[in-house]
Amino acid sequence: MAISKNTQANIDDSNLAAYPNGQVKDDDGTGDGFPLIRATTSDIFETFDKLMRLAANTFNNEFDNETNGYQFVQSLVALASKSDYILALTTDGTNLGIATKLGILNLNEKLIVQAAADWTTETHIIGSDAVNLTVAITRQYKAGDYLTMIKTSGGVKLVSIVTADNLNTINQELNYLLAASNVDTIGGTIVNKAVTPASLLYAIGQYLTNATYAAPYYATTSLPGLLSAADKTTIANFNPPVNVGWFSGVDPGGGTVGAFYSPSGNVVTAEITFVGANTPPNANGGYTNVLVTLANAMANTNYVVRTFLESSGTLFKDNQILTPVFVPLSTTTFTLSLADAVGNTQNLKVHIEVIQLS
């Protein structure tokens with residue numbers, strides 16, 4: 001409790017807007033001045049006495065001045081600013097030390113300190129008032145680290161403050177996620193580091209260009225995966241047919257000009273354009289020219305026509321023919337000439353694959 005000065009009779013209440021509790025009034029000689037009695041002075045002295053006790057200061061019984069010092073000011077500073085300064089946390093090799101009075105710290109009060117040296121084995125801290133407290137730490141702090149020192153029921157606790165200076169170190173000590181290096185990312189076995197865009201890009205590049213890293217991920221016949229250089233070469237050199245089809249009922253040396261064979265696949269039409277007899281030394285046989293029209297236009301006339309002859313009649317007769325010959329006419333037409341070496345009647349199905357060369 002405290003006593004307000006406006007409980008006194010001799011007080012100036014003329015300017016309550018500026019002085020809500022009234023002003024001290026001078027005595028004009030008639031005894032109307034503000035009284036200096038216990039009710040008006042006790043609280044003032046008690047306040048300063050309490051400040052001295054809270055700051056653990058002992059009265060030196062000298063006047064406060066520039067020569068003797070200002071004990072009341074020192075008490076105020078000790079209380080009001082003891083948590084506002086970053087204090088050095090020192091060590092003598094056995095005990096930690098701090099230039100403040102540990103005895104005046106309240107339970108759960110905190111200070112910010114900076115370690116002057118790495119923590120080794122210190123378990124106690126001594127303040128400027130010689131108070132010795134037990135120390136608990138959350139990690140083995142390093143020189144230069146900032147720490148929050150908290151007063152506990154068992155002493156003090158030092159909690160590391162994470163800053164830009166010690167972030168990486170603390171992350172490593174506590175196994176928090178760090179940025180994975182290029183080697184970490186390629187290895188793919190570490191579980192406490194995070195892949196970055198840079199390390200991921202590097203790793204992908206190695207998987208795609210370095211056989212050592214890529215080999216374990218090559219595709220197989222049963223699993224999808226990366227493409228090997230050898231497979232890429234094979235694919236690059238692979239030239240698939242542009243047109244695939246067939247026509248049937250062919251008897252070289254037989255048939256009627258203008259007639260059409262039955263087509264299939266990419267063979268649109270297969271028209272007989274010439275039928276003739278062979279000249280010596282195959283005078284007993286004949287040949288037939290067929291104009292083949294394709295469904296898919298080739299890039300140019302530099303293409304090859306592969307022919308595969310299927311027997312649809314008597315095999316020993318159907319196999320008595322000469323090698324078929326083709327002549328490109330346009331990007332969609334070519335002439336195929338089939339000749340019979342003996343003169344037997346055949347029944348052939350002519351399968352074709354047309355492959356672009358360049």
# chains A, B, ... in the order shown; residues from 1 in each chain; ligands from 1
>>> residues_around(residues="Phe48 of chain A", least_positions_apart="3", cutoff="12 Å", atoms="only C-alpha atoms", output="JSON, numbers by chain")
{"A": [41, 42, 43, 44, 45, 51, 52, 53, 54, 55, 57, 59, 70, 71, 72, 73, 74, 75, 76]}
>>> write_last_selection(atoms="N, CA and C atoms", output="short mmCIF file (atom, residue, chain, number, x, y, z; two decimals), in the first residue's frame")
data_model
loop_
_atom_site.label_atom_id
_atom_site.label_comp_id
_atom_site.auth_asym_id
_atom_site.auth_seq_id
_atom_site.Cartn_x
_atom_site.Cartn_y
_atom_site.Cartn_z
N THR A 41 6.28 11.41 3.87
CA THR A 41 7.70 11.11 3.60
C THR A 41 8.06 9.64 3.73
N SER A 42 7.31 8.88 4.48
CA SER A 42 7.69 7.50 4.75
C SER A 42 7.79 6.67 3.46
N ASP A 43 6.81 6.79 2.57
CA ASP A 43 6.81 5.98 1.34
C ASP A 43 8.04 6.27 0.49
N ILE A 44 8.46 7.55 0.48
CA ILE A 44 9.63 7.91 -0.33
C ILE A 44 10.86 7.19 0.19
N PHE A 45 11.09 7.30 1.50
CA PHE A 45 12.28 6.64 2.06
C PHE A 45 12.20 5.12 1.93
N LEU A 51 14.79 -0.47 -2.82
CA LEU A 51 15.67 -0.56 -3.99
C LEU A 51 17.06 -1.04 -3.58
N MET A 52 17.57 -0.49 -2.47
CA MET A 52 18.88 -0.89 -1.99
C MET A 52 18.90 -2.37 -1.62
N ARG A 53 17.82 -2.83 -0.93
CA ARG A 53 17.79 -4.24 -0.55
C ARG A 53 17.67 -5.16 -1.76
N LEU A 54 16.82 -4.77 -2.73
CA LEU A 54 16.66 -5.60 -3.93
C LEU A 54 17.96 -5.70 -4.72
N ALA A 55 18.73 -4.62 -4.72
CA ALA A 55 20.01 -4.62 -5.44
C ALA A 55 21.14 -5.18 -4.60
N ASN A 57 22.60 -3.92 -2.10
CA ASN A 57 23.58 -2.88 -1.77
C ASN A 57 23.49 -2.52 -0.28
N PHE A 59 24.14 0.36 2.61
CA PHE A 59 24.31 1.81 2.74
C PHE A 59 25.73 2.11 3.22
N TYR A 70 26.65 7.19 -6.34
CA TYR A 70 25.20 7.32 -6.23
C TYR A 70 24.61 5.93 -6.00
N GLN A 71 24.45 5.57 -4.73
CA GLN A 71 23.99 4.22 -4.43
C GLN A 71 22.55 3.98 -4.87
N PHE A 72 21.72 5.00 -4.76
CA PHE A 72 20.34 4.81 -5.19
C PHE A 72 20.28 4.59 -6.72
N VAL A 73 21.07 5.37 -7.45
CA VAL A 73 21.12 5.21 -8.91
C VAL A 73 21.67 3.83 -9.26
N GLN A 74 22.73 3.41 -8.56
CA GLN A 74 23.31 2.09 -8.81
C GLN A 74 22.26 0.99 -8.58
N SER A 75 21.45 1.17 -7.55
CA SER A 75 20.41 0.18 -7.27
C SER A 75 19.37 0.13 -8.39
N LEU A 76 18.97 1.31 -8.85
CA LEU A 76 18.02 1.36 -9.96
C LEU A 76 18.59 0.69 -11.21
#
>>> select_by_dssp(residues="segment 27-160 of chain A", states="strand (DSSP E or B)", output="ChimeraX atom specification")
/A:65,69,86-91,96-97,110-115,124-126,132-137,146-152,155-160
>>> closest_residue(among="A:Ala229, A:Val257, A:Ala194, A:Ile137", to="Ala211 of chain A", atoms="only C-alpha atoms")
A:Ala229
>>> atom_distance(atom1="atom CA of Leu226 of chain A", atom2="atom CA of Ser199 of chain A")
19.4 Å
>>> select_by_dssp(residues="segment 158-190 of chain A", states="alpha helix (DSSP H)", output="list in words")
Leu167, Asn168, Thr169, Ile170, Asn171, Gln172, Glu173, Leu174, Asn182, Val183, Asp184, Thr185, Ile186 and Gly187 of chain A
>>> write_last_selection(atoms="C-alpha atoms", output="PDB file, in the first residue's frame")
ATOM      1  CA  LEU A 167      23.598 -21.819 -37.232  1.00  0.00           C
ATOM      2  CA  ASN A 168      25.557 -24.298 -39.319  1.00  0.00           C
ATOM      3  CA  THR A 169      27.498 -25.603 -36.313  1.00  0.00           C
ATOM      4  CA  ILE A 170      24.362 -26.120 -34.230  1.00  0.00           C
ATOM      5  CA  ASN A 171      22.592 -27.833 -37.113  1.00  0.00           C
ATOM      6  CA  GLN A 172      25.493 -30.248 -37.451  1.00  0.00           C
ATOM      7  CA  GLU A 173      25.647 -30.932 -33.715  1.00  0.00           C
ATOM      8  CA  LEU A 174      21.917 -31.554 -33.387  1.00  0.00           C
ATOM      9  CA  ASN A 182      26.937 -32.657 -54.521  1.00  0.00           C
ATOM     10  CA  VAL A 183      28.582 -35.853 -53.273  1.00  0.00           C
ATOM     11  CA  ASP A 184      25.843 -36.319 -50.647  1.00  0.00           C
ATOM     12  CA  THR A 185      23.123 -36.029 -53.261  1.00  0.00           C
ATOM     13  CA  ILE A 186      24.760 -38.396 -55.732  1.00  0.00           C
ATOM     14  CA  GLY A 187      25.414 -40.966 -53.012  1.00  0.00           C
TER      15      GLY A 187
END
